[in-house]
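Please read the structure below before turning to the comments.
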Amino acid sequence: MTKGSKKRLIERIKSLLIVLLSCSAVFLVLRTQASIAGSGERQEAYAAGESGPASTEDPGAMARPLRMAAAIQRGSEVVRYGVQYDQTGTDELYQQAYSLLVEALSSAGEPREISEEAWRQALSSAPGLYFDWQGEIPLAVLNGWLSVDNQILSGTVRRMVLTAVEGRVLLYSWDESAGQGWACPCDVISAGRLAEAVGALQENGAIFAFEGEDYLSLSPYTMVLLQPPVAAVYSVSNPVAGEDSLRALQEILGFPENSVSYTAAGELVLRSRNDTLHMAEDGQVSYEAAAEGSDRYRLAGTGVYEAVEGCRQLAQQTLGQSCGEASLYLMSAEEAGEGSWQVEFGYQLDGIQVRLDRDGWAARFLVEQGQITEFQLRFRSYADSGTTSVVLPERQAMAAMEAKGHGGEELLLVYLDSGEELVSASWAAARALDGGR
């Protein structure tokens, strides 16, 4: 090859490289613009699971019960350690029981129906662990929160007992309102392991109402301790008061700055793609999807777990980040039609339910076909005032409840938040709370 030919070849190669570099630059520009456009679309629509690192909390935290007990064999006698209205104490016991609960749910065999007598025997048998979530949790949701893959159990659960009967470990549940329950074997757990988990606990006189003659006028599964609880008094405030707070909430909820907005009847109304967000000055927020449909709050699937978990994430990103010393718990998840669910979360303070106004819930969602189409949020922030409230012993509270015509009901310690600046704990009948009376 002549010297001139080599030079021409080099020039051609240079030209080719310039063309390739130019094409690459154009490609990168187009890709960047597409990425920016896509990012803007995502910012306008909330997506479950795309939140900041501290905004959704570990979903397993929602699986913690609000009340627990352990039945312990002491010689020929069965004694009990119970903890309620004390989230720290409940969490400590839960840490000891967590792995056993996960293994029990993971290995649960085919359930069989049980009588109420069998359920009561399970509550009084040792070794045993009792879990009470105080809300109705679909088992598919509980399994999902605990990373359990077992489709055998279905329905909802509030109370469960893991206990040993004749050397075999069984998992029990009872639905008091339906008058039915089930038990299933958990053969991967030995009775010895269960005994070891509860053996170091010291009894504190906890009993269930059906076990004591003095408490027979209560719902049989009300747990009673020897000492009345001591409950803090909390100051209450609205954490989204003011225009700046409302605008920050608007961004969290995926409504862009250019949303159509106007003020009416003491609330800021925002409209974006025909979705509507109402943000009131008193901390109440509501959302309705456009009548023709919307993809703003599209969830990861259409099952009950995806529905509840998506709602939990949204509730945690909003209420959960501004409620002070309170935390959220699942009150209920009810089927509202094929592929539809109504999901409610409440506040709790140190293991004590907070009941807001007549309905009780802090957040309520409607999920239809894998999408949140409506929600209502009640923003409240709670701070320990440094004082405690005087709580009657259970016997006196039981007598007062009977006098009001609520005999036979569950006695609960609750915070009734009707909008005052301070809330203190008091006894209430469970059905009276559910009925809004």
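Please note that chains go A, B, ... in the order of the structure tokens, that every chain numbers its residues from 1, and that ligands are numbered from 1 in the order shown.
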
For Thr222 in chain A: contacts at 8 Å, only C-alpha atoms, fewer than 2 positions along chain excluded, given as a list in words: Phe208, Ala209, Leu218, Ser219, Pro220, Val224, Glu410 and Leu411 of chain A

Residue selection dump (N, CA, C and O atoms) as a PDB file, in the first residue's frame:
ATOM      1  N   PHE A 208     -57.515 -14.602  81.658  1.00  0.00           N
ATOM      2  CA  PHE A 208     -58.612 -14.246  80.766  1.00  0.00           C
ATOM      3  C   PHE A 208     -59.900 -14.267  81.580  1.00  0.00           C
ATOM      4  O   PHE A 208     -60.028 -15.008  82.555  1.00  0.00           O
ATOM      5  N   ALA A 209     -60.860 -13.452  81.178  1.00  0.00           N
ATOM      6  CA  ALA A 209     -62.071 -13.268  81.977  1.00  0.00           C
ATOM      7  C   ALA A 209     -62.786 -14.583  82.260  1.00  0.00           C
ATOM      8  O   ALA A 209     -63.330 -14.775  83.357  1.00  0.00           O
ATOM      9  N   LEU A 218     -67.664  -9.992  81.750  1.00  0.00           N
ATOM     10  CA  LEU A 218     -66.908  -9.453  80.623  1.00  0.00           C
ATOM     11  C   LEU A 218     -66.899 -10.452  79.471  1.00  0.00           C
ATOM     12  O   LEU A 218     -67.177 -11.642  79.657  1.00  0.00           O
ATOM     13  N   SER A 219     -66.548  -9.977  78.280  1.00  0.00           N
ATOM     14  CA  SER A 219     -66.281 -10.891  77.181  1.00  0.00           C
ATOM     15  C   SER A 219     -65.215 -11.884  77.634  1.00  0.00           C
ATOM     16  O   SER A 219     -64.233 -11.496  78.270  1.00  0.00           O
ATOM     17  N   PRO A 220     -65.390 -13.178  77.365  1.00  0.00           N
ATOM     18  CA  PRO A 220     -64.517 -14.193  77.970  1.00  0.00           C
ATOM     19  C   PRO A 220     -63.035 -14.042  77.651  1.00  0.00           C
ATOM     20  O   PRO A 220     -62.195 -14.524  78.412  1.00  0.00           O
ATOM     21  N   VAL A 224     -57.010  -9.668  81.792  1.00  0.00           N
ATOM     22  CA  VAL A 224     -57.004  -8.839  82.998  1.00  0.00           C
ATOM     23  C   VAL A 224     -55.687  -9.062  83.732  1.00  0.00           C
ATOM     24  O   VAL A 224     -55.246 -10.208  83.914  1.00  0.00           O
ATOM     25  N   GLU A 410     -66.209  -6.829  75.569  1.00  0.00           N
ATOM     26  CA  GLU A 410     -64.791  -6.709  75.863  1.00  0.00           C
ATOM     27  C   GLU A 410     -64.505  -5.334  76.447  1.00  0.00           C
ATOM     28  O   GLU A 410     -64.979  -4.310  75.941  1.00  0.00           O
ATOM     29  N   LEU A 411     -63.733  -5.307  77.510  1.00  0.00           N
ATOM     30  CA  LEU A 411     -63.328  -4.056  78.142  1.00  0.00           C
ATOM     31  C   LEU A 411     -61.984  -3.646  77.568  1.00  0.00           C
ATOM     32  O   LEU A 411     -61.012  -4.402  77.612  1.00  0.00           O
TER      33      LEU A 411
END

Which of range 34-207 of chain A DSSP labels helix (DSSP H, G or I), written as a ChimeraX atom specification: /A:34-44,59-63,87-107,116-123,139-145,191-198

Residues at most 10 Å from range 123-125 of chain A, counting only C-alpha atoms, excluding those fewer than 3 positions away in the same chain, as a short mmCIF file (atom, residue, chain, number, x, y, z; two decimals) with N, CA, C and O atoms, in the first residue's frame?
data_model
loop_
_atom_site.label_atom_id
_atom_site.label_comp_id
_atom_site.auth_asym_id
_atom_site.auth_seq_id
_atom_site.Cartn_x
_atom_site.Cartn_y
_atom_site.Cartn_z
N ALA A 69 -49.37 -12.77 75.60
CA ALA A 69 -49.29 -13.51 76.86
C ALA A 69 -48.52 -14.80 76.63
O ALA A 69 -48.40 -15.29 75.50
N ALA A 70 -47.98 -15.33 77.72
CA ALA A 70 -47.27 -16.61 77.67
C ALA A 70 -47.77 -17.48 78.81
O ALA A 70 -47.89 -17.01 79.95
N ALA A 71 -48.10 -18.72 78.50
CA ALA A 71 -48.49 -19.70 79.52
C ALA A 71 -47.27 -20.55 79.84
O ALA A 71 -46.61 -21.07 78.94
N ILE A 72 -46.98 -20.69 81.13
CA ILE A 72 -45.73 -21.32 81.58
C ILE A 72 -46.07 -22.45 82.54
O ILE A 72 -46.92 -22.30 83.43
N GLN A 73 -45.40 -23.58 82.37
CA GLN A 73 -45.59 -24.71 83.28
C GLN A 73 -44.66 -24.55 84.47
O GLN A 73 -43.44 -24.47 84.33
N VAL A 78 -50.11 -24.30 85.84
CA VAL A 78 -49.91 -23.43 84.69
C VAL A 78 -50.09 -21.98 85.15
O VAL A 78 -51.14 -21.63 85.70
N VAL A 79 -49.08 -21.16 84.95
CA VAL A 79 -49.16 -19.74 85.30
C VAL A 79 -49.00 -18.93 84.02
O VAL A 79 -48.63 -19.45 82.97
N ARG A 80 -49.25 -17.61 84.13
CA ARG A 80 -49.25 -16.80 82.91
C ARG A 80 -48.54 -15.47 83.14
O ARG A 80 -48.66 -14.85 84.19
N GLU A 117 -64.64 -24.83 73.51
CA GLU A 117 -63.99 -25.49 74.65
C GLU A 117 -62.53 -25.80 74.32
O GLU A 117 -61.63 -25.61 75.17
N ALA A 118 -62.26 -26.26 73.08
CA ALA A 118 -60.88 -26.56 72.68
C ALA A 118 -60.05 -25.28 72.62
O ALA A 118 -58.87 -25.27 72.99
N TRP A 119 -60.66 -24.19 72.18
CA TRP A 119 -59.96 -22.91 72.14
C TRP A 119 -59.59 -22.44 73.54
O TRP A 119 -58.46 -22.02 73.80
N ARG A 120 -60.52 -22.55 74.47
CA ARG A 120 -60.23 -22.13 75.84
C ARG A 120 -59.16 -23.02 76.48
O ARG A 120 -58.31 -22.54 77.24
N GLY A 128 -47.23 -22.06 76.05
CA GLY A 128 -48.06 -21.42 75.03
C GLY A 128 -47.74 -19.95 74.87
O GLY A 128 -47.26 -19.30 75.79
N LEU A 129 -48.02 -19.44 73.67
CA LEU A 129 -47.87 -18.02 73.35
C LEU A 129 -49.16 -17.51 72.73
O LEU A 129 -49.72 -18.14 71.81
N TYR A 130 -49.63 -16.39 73.24
CA TYR A 130 -50.89 -15.79 72.79
C TYR A 130 -50.59 -14.46 72.11
O TYR A 130 -49.82 -13.65 72.62
N MET A 160 -54.44 -15.40 68.10
CA MET A 160 -53.88 -16.71 67.81
C MET A 160 -53.16 -17.22 69.05
O MET A 160 -52.67 -16.43 69.87
N VAL A 161 -53.11 -18.54 69.16
CA VAL A 161 -52.37 -19.18 70.25
C VAL A 161 -51.50 -20.28 69.65
O VAL A 161 -51.97 -21.09 68.84
N LEU A 162 -50.24 -20.27 70.03
CA LEU A 162 -49.31 -21.34 69.67
C LEU A 162 -49.02 -22.11 70.94
O LEU A 162 -48.44 -21.57 71.89
N THR A 163 -49.43 -23.37 70.99
CA THR A 163 -49.30 -24.12 72.23
C THR A 163 -49.03 -25.59 71.94
O THR A 163 -49.16 -26.05 70.80
N ALA A 164 -48.62 -26.30 72.98
CA ALA A 164 -48.33 -27.73 72.86
C ALA A 164 -49.45 -28.53 73.52
O ALA A 164 -49.83 -28.25 74.67
N VAL A 165 -49.98 -29.50 72.81
CA VAL A 165 -51.02 -30.39 73.33
C VAL A 165 -50.53 -31.82 73.16
O VAL A 165 -50.28 -32.27 72.03
N TYR A 172 -53.63 -22.19 66.95
CA TYR A 172 -55.08 -22.04 67.09
C TYR A 172 -55.49 -20.60 66.77
O TYR A 172 -54.74 -19.66 66.99
N ILE A 207 -54.85 -13.14 83.63
CA ILE A 207 -55.86 -14.17 83.34
C ILE A 207 -56.79 -13.67 82.25
O ILE A 207 -56.84 -12.48 81.96
N PHE A 208 -57.52 -14.60 81.66
CA PHE A 208 -58.61 -14.25 80.77
C PHE A 208 -59.90 -14.27 81.58
O PHE A 208 -60.03 -15.01 82.55
N GLU A 211 -61.59 -17.30 83.00
CA GLU A 211 -60.87 -18.08 84.00
C GLU A 211 -61.13 -17.58 85.44
O GLU A 211 -60.72 -18.25 86.39
N TYR A 221 -62.69 -13.35 76.56
CA TYR A 221 -61.28 -13.29 76.17
C TYR A 221 -60.66 -11.91 76.45
O TYR A 221 -59.61 -11.57 75.89
#

Show me, as CSV, the residues of range 313-405 of chain A having an atom within 10 Å of range 225-242 of chain A, each with the closest atom pair and its distance in Å, using only C-alpha atoms.
residue,atom,partner,partner_atom,distance
A:Leu319,CA,A:Pro239,CA,9.2
A:Gln321,CA,A:Pro239,CA,9.8
A:Ser322,CA,A:Pro239,CA,6.2
A:Cys323,CA,A:Pro239,CA,7.4
A:Gly324,CA,A:Pro239,CA,8.9
A:Glu325,CA,A:Tyr234,CA,9.0
A:Ala326,CA,A:Tyr234,CA,9.9
A:Leu349,CA,A:Ala232,CA,8.9
A:Asp350,CA,A:Ala231,CA,8.4
A:Ile352,CA,A:Ala231,CA,8.7
A:Arg378,CA,A:Asn238,CA,9.2
A:Phe379,CA,A:Asn238,CA,6.2
A:Arg380,CA,A:Asn238,CA,5.2
A:Ser381,CA,A:Ser237,CA,5.2
A:Tyr382,CA,A:Val236,CA,4.8
A:Ala383,CA,A:Ser235,CA,5.3
A:Asp384,CA,A:Tyr234,CA,4.6
A:Ser385,CA,A:Tyr234,CA,5.1
A:Gly386,CA,A:Val233,CA,7.1
A:Thr387,CA,A:Val233,CA,5.6
A:Thr388,CA,A:Ala232,CA,4.1
A:Ser389,CA,A:Ala231,CA,5.7
A:Val390,CA,A:Val230,CA,7.1
A:Val391,CA,A:Pro229,CA,6.7
A:Leu392,CA,A:Pro228,CA,6.9
A:Pro393,CA,A:Pro228,CA,5.1
A:Glu394,CA,A:Pro228,CA,6.9
A:Arg395,CA,A:Pro228,CA,9.8

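Using only C-alpha atoms for every distance, the candidate list A:Val343, A:Ala191, A:Val141, A:Leu366 yields A:Ala191 as the residue closest to Arg168 in chain A.
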
Selection: 7 Å around Leu413 in chain A, only C-alpha atoms, excl. self and same-chain fewer than 4 positions, as an MDAnalysis selection string: chainID A and resid 352 425:428

Could those residues be written to a file, using all heavy atoms, as a short mmCIF file (atom, residue, chain, number, x, y, z; two decimals), in the first residue's frame?
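Written output follows (part_6.cif):
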data_model
loop_
_atom_site.label_atom_id
_atom_site.label_comp_id
_atom_site.auth_asym_id
_atom_site.auth_seq_id
_atom_site.Cartn_x
_atom_site.Cartn_y
_atom_site.Cartn_z
N ILE A 352 -52.10 1.23 73.19
CA ILE A 352 -53.49 1.60 73.48
C ILE A 352 -54.10 2.22 72.23
O ILE A 352 -53.54 3.16 71.65
CB ILE A 352 -53.58 2.59 74.66
CG1 ILE A 352 -52.92 1.99 75.90
CG2 ILE A 352 -55.02 2.98 74.95
CD1 ILE A 352 -52.80 2.96 77.06
N ALA A 425 -56.36 8.30 78.75
CA ALA A 425 -56.92 6.97 78.53
C ALA A 425 -58.11 6.73 79.46
O ALA A 425 -58.15 7.21 80.59
CB ALA A 425 -55.86 5.91 78.75
N SER A 426 -59.06 5.96 78.96
CA SER A 426 -60.23 5.58 79.77
C SER A 426 -60.75 4.23 79.28
O SER A 426 -60.45 3.80 78.17
CB SER A 426 -61.33 6.64 79.67
OG SER A 426 -61.73 6.81 78.32
N TRP A 427 -61.53 3.57 80.11
CA TRP A 427 -62.11 2.29 79.75
C TRP A 427 -63.33 2.49 78.86
O TRP A 427 -64.07 3.45 79.02
CB TRP A 427 -62.51 1.50 81.00
CG TRP A 427 -61.37 1.07 81.86
CD1 TRP A 427 -61.05 1.55 83.09
CD2 TRP A 427 -60.41 0.05 81.57
NE1 TRP A 427 -59.95 0.91 83.60
CE2 TRP A 427 -59.53 -0.02 82.68
CE3 TRP A 427 -60.19 -0.80 80.48
CZ2 TRP A 427 -58.46 -0.90 82.73
CZ3 TRP A 427 -59.12 -1.68 80.53
CH2 TRP A 427 -58.28 -1.74 81.64
N ALA A 428 -63.53 1.55 77.95
CA ALA A 428 -64.70 1.60 77.06
C ALA A 428 -65.09 0.18 76.67
O ALA A 428 -64.26 -0.73 76.67
CB ALA A 428 -64.41 2.43 75.83
#

Residues near Asp275 in chain A, anyone? I mean within 10 Å using only C-alpha atoms, not counting same-chain ones fewer than 6 positions away, as a PDB file with all heavy atoms, in the first residue's frame.
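See part-v6.pdb below for the written result:
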ATOM      1  N   PHE A 255     -49.495  15.222  43.637  1.00  0.00           N
ATOM      2  CA  PHE A 255     -50.218  16.246  42.898  1.00  0.00           C
ATOM      3  C   PHE A 255     -49.223  17.357  42.529  1.00  0.00           C
ATOM      4  O   PHE A 255     -48.652  17.984  43.415  1.00  0.00           O
ATOM      5  CB  PHE A 255     -51.369  16.812  43.733  1.00  0.00           C
ATOM      6  CG  PHE A 255     -52.631  16.014  43.624  1.00  0.00           C
ATOM      7  CD1 PHE A 255     -52.715  14.753  44.188  1.00  0.00           C
ATOM      8  CD2 PHE A 255     -53.735  16.512  42.940  1.00  0.00           C
ATOM      9  CE1 PHE A 255     -53.870  14.001  44.093  1.00  0.00           C
ATOM     10  CE2 PHE A 255     -54.897  15.766  42.833  1.00  0.00           C
ATOM     11  CZ  PHE A 255     -54.971  14.503  43.400  1.00  0.00           C
ATOM     12  N   SER A 259     -51.192  21.882  39.503  1.00  0.00           N
ATOM     13  CA  SER A 259     -52.574  21.408  39.660  1.00  0.00           C
ATOM     14  C   SER A 259     -53.514  22.600  39.795  1.00  0.00           C
ATOM     15  O   SER A 259     -53.162  23.622  40.411  1.00  0.00           O
ATOM     16  CB  SER A 259     -52.707  20.524  40.908  1.00  0.00           C
ATOM     17  OG  SER A 259     -51.896  19.377  40.817  1.00  0.00           O
ATOM     18  N   TYR A 287     -59.418  12.111  49.051  1.00  0.00           N
ATOM     19  CA  TYR A 287     -59.084  11.978  47.627  1.00  0.00           C
ATOM     20  C   TYR A 287     -60.158  11.177  46.930  1.00  0.00           C
ATOM     21  O   TYR A 287     -60.692  10.197  47.482  1.00  0.00           O
ATOM     22  CB  TYR A 287     -57.734  11.271  47.481  1.00  0.00           C
ATOM     23  CG  TYR A 287     -57.459  10.719  46.092  1.00  0.00           C
ATOM     24  CD1 TYR A 287     -56.991  11.547  45.072  1.00  0.00           C
ATOM     25  CD2 TYR A 287     -57.691   9.378  45.799  1.00  0.00           C
ATOM     26  CE1 TYR A 287     -56.746  11.051  43.800  1.00  0.00           C
ATOM     27  CE2 TYR A 287     -57.454   8.869  44.526  1.00  0.00           C
ATOM     28  CZ  TYR A 287     -56.981   9.720  43.527  1.00  0.00           C
ATOM     29  OH  TYR A 287     -56.749   9.220  42.264  1.00  0.00           O
ATOM     30  N   GLU A 288     -60.509  11.614  45.693  1.00  0.00           N
ATOM     31  CA  GLU A 288     -61.397  10.830  44.834  1.00  0.00           C
ATOM     32  C   GLU A 288     -60.783  10.757  43.445  1.00  0.00           C
ATOM     33  O   GLU A 288     -60.366  11.784  42.883  1.00  0.00           O
ATOM     34  CB  GLU A 288     -62.793  11.463  44.731  1.00  0.00           C
ATOM     35  CG  GLU A 288     -63.515  11.662  46.052  1.00  0.00           C
ATOM     36  CD  GLU A 288     -63.317  13.072  46.588  1.00  0.00           C
ATOM     37  OE1 GLU A 288     -63.176  14.024  45.789  1.00  0.00           O
ATOM     38  OE2 GLU A 288     -63.289  13.215  47.819  1.00  0.00           O
ATOM     39  N   ALA A 289     -60.700   9.548  42.919  1.00  0.00           N
ATOM     40  CA  ALA A 289     -60.173   9.379  41.561  1.00  0.00           C
ATOM     41  C   ALA A 289     -61.177   9.900  40.552  1.00  0.00           C
ATOM     42  O   ALA A 289     -62.384   9.999  40.820  1.00  0.00           O
ATOM     43  CB  ALA A 289     -59.884   7.908  41.303  1.00  0.00           C
ATOM     44  N   ALA A 290     -60.697  10.254  39.364  1.00  0.00           N
ATOM     45  CA  ALA A 290     -61.570  10.731  38.297  1.00  0.00           C
ATOM     46  C   ALA A 290     -62.617   9.680  37.951  1.00  0.00           C
ATOM     47  O   ALA A 290     -62.345   8.474  37.993  1.00  0.00           O
ATOM     48  CB  ALA A 290     -60.733  11.068  37.065  1.00  0.00           C
ATOM     49  N   ALA A 291     -63.811  10.136  37.618  1.00  0.00           N
ATOM     50  CA  ALA A 291     -64.907   9.217  37.309  1.00  0.00           C
ATOM     51  C   ALA A 291     -64.582   8.329  36.121  1.00  0.00           C
ATOM     52  O   ALA A 291     -65.000   7.162  36.067  1.00  0.00           O
ATOM     53  CB  ALA A 291     -66.184  10.014  37.039  1.00  0.00           C
ATOM     54  N   GLU A 292     -63.811   8.856  35.185  1.00  0.00           N
ATOM     55  CA  GLU A 292     -63.469   8.060  33.998  1.00  0.00           C
ATOM     56  C   GLU A 292     -62.285   7.139  34.227  1.00  0.00           C
ATOM     57  O   GLU A 292     -61.882   6.400  33.338  1.00  0.00           O
ATOM     58  CB  GLU A 292     -63.166   8.982  32.814  1.00  0.00           C
ATOM     59  CG  GLU A 292     -61.953   9.869  32.993  1.00  0.00           C
ATOM     60  CD  GLU A 292     -62.261  11.200  33.677  1.00  0.00           C
ATOM     61  OE1 GLU A 292     -63.324  11.293  34.322  1.00  0.00           O
ATOM     62  OE2 GLU A 292     -61.443  12.125  33.566  1.00  0.00           O
ATOM     63  N   GLY A 293     -61.720   7.164  35.448  1.00  0.00           N
ATOM     64  CA  GLY A 293     -60.598   6.295  35.780  1.00  0.00           C
ATOM     65  C   GLY A 293     -59.309   7.070  35.924  1.00  0.00           C
ATOM     66  O   GLY A 293     -59.147   8.158  35.365  1.00  0.00           O
ATOM     67  N   SER A 294     -58.386   6.522  36.702  1.00  0.00           N
ATOM     68  CA  SER A 294     -57.106   7.173  36.959  1.00  0.00           C
ATOM     69  C   SER A 294     -56.076   6.102  37.283  1.00  0.00           C
ATOM     70  O   SER A 294     -56.417   5.032  37.781  1.00  0.00           O
ATOM     71  CB  SER A 294     -57.238   8.149  38.132  1.00  0.00           C
ATOM     72  OG  SER A 294     -55.978   8.606  38.561  1.00  0.00           O
ATOM     73  N   ASP A 295     -54.807   6.420  37.002  1.00  0.00           N
ATOM     74  CA  ASP A 295     -53.734   5.492  37.369  1.00  0.00           C
ATOM     75  C   ASP A 295     -52.807   6.107  38.414  1.00  0.00           C
ATOM     76  O   ASP A 295     -51.679   5.677  38.592  1.00  0.00           O
ATOM     77  CB  ASP A 295     -52.926   5.081  36.138  1.00  0.00           C
ATOM     78  CG  ASP A 295     -52.238   6.274  35.462  1.00  0.00           C
ATOM     79  OD1 ASP A 295     -52.459   7.418  35.910  1.00  0.00           O
ATOM     80  OD2 ASP A 295     -51.489   6.044  34.494  1.00  0.00           O
ATOM     81  N   ARG A 296     -53.294   7.102  39.146  1.00  0.00           N
ATOM     82  CA  ARG A 296     -52.442   7.828  40.083  1.00  0.00           C
ATOM     83  C   ARG A 296     -51.932   6.935  41.203  1.00  0.00           C
ATOM     84  O   ARG A 296     -50.777   7.008  41.605  1.00  0.00           O
ATOM     85  CB  ARG A 296     -53.202   9.019  40.671  1.00  0.00           C
ATOM     86  CG  ARG A 296     -52.335   9.913  41.549  1.00  0.00           C
ATOM     87  CD  ARG A 296     -53.116  11.130  42.005  1.00  0.00           C
ATOM     88  NE  ARG A 296     -53.598  11.903  40.866  1.00  0.00           N
ATOM     89  CZ  ARG A 296     -52.876  12.825  40.224  1.00  0.00           C
ATOM     90  NH1 ARG A 296     -51.631  13.082  40.596  1.00  0.00           N
ATOM     91  NH2 ARG A 296     -53.393  13.490  39.212  1.00  0.00           N
ATOM     92  N   THR A 373     -58.808   4.203  44.840  1.00  0.00           N
ATOM     93  CA  THR A 373     -59.706   5.151  44.174  1.00  0.00           C
ATOM     94  C   THR A 373     -60.253   6.211  45.124  1.00  0.00           C
ATOM     95  O   THR A 373     -60.735   7.253  44.671  1.00  0.00           O
ATOM     96  CB  THR A 373     -60.880   4.407  43.520  1.00  0.00           C
ATOM     97  OG1 THR A 373     -61.570   3.624  44.516  1.00  0.00           O
ATOM     98  CG2 THR A 373     -60.383   3.481  42.415  1.00  0.00           C
ATOM     99  N   GLU A 374     -60.206   5.945  46.426  1.00  0.00           N
ATOM    100  CA  GLU A 374     -60.636   6.932  47.411  1.00  0.00           C
ATOM    101  C   GLU A 374     -59.817   6.745  48.674  1.00  0.00           C
ATOM    102  O   GLU A 374     -59.391   5.632  48.987  1.00  0.00           O
ATOM    103  CB  GLU A 374     -62.128   6.759  47.785  1.00  0.00           C
ATOM    104  CG  GLU A 374     -63.115   7.014  46.692  1.00  0.00           C
ATOM    105  CD  GLU A 374     -64.549   6.799  47.182  1.00  0.00           C
ATOM    106  OE1 GLU A 374     -64.784   6.850  48.417  1.00  0.00           O
ATOM    107  OE2 GLU A 374     -65.432   6.577  46.336  1.00  0.00           O
TER     108      GLU A 374
END

Residues of range 53-274 of chain A in strand (DSSP E) according to DSSP, as a ChimeraX atom specification? /A:67-74,77-84,112-114,128-138,156-165,168-175,180-190,207-208,223-224,231-237,260-264,267-272

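Here CA of Arg64 in chain A stands at a distance of 8.8 Å from CA of Tyr329 in chain A.
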
Name the residues in contact with range 104-112 of chain A at a cut-off of 8 Å, using only C-alpha atoms, excluding same-chain residues fewer than 6 positions from it; report them as a list of chain:residue names. A:Asn143, A:Val148, A:Asp149, A:Asn150, A:Ile152, A:Leu153, A:Leu162, A:Leu171, A:Trp182, A:Ala183, A:Cys184, A:Pro185, A:Cys186, A:Asp187, A:Val188, A:Ile189

Ranking A:Leu422, A:Ala432, A:Pro59, A:Gly310 by minimum distance to Met401 in chain A and counting only C-alpha atoms, which one comes first?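 Distance minimum relative to Met401 in chain A lands on A:Ala432.
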
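For the pair CA of Asp91 in chain A and CA of Val157 in chain A, the separation is 19.3 Å.
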
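Distances here use only C-alpha atoms; by that measure, the residue among A:Ala126, A:Ala197, A:Val260, A:Ala280 closest to Gly75 in chain A is A:Ala126.
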
What does the distance from CA of Leu93 in chain A to CA of Ser332 in chain A come to in Å, to one decimal?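 CA of Ser332 in chain A lies at a distance of 24.1 Å from CA of Leu93 in chain A.
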
Which of these residues is nearest to Gly407 in chain A, using only C-alpha atoms: A:Ala178, A:Val285, A:Leu216, A:Ala63?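 Under the stated criterion, the closest residue is A:Leu216.
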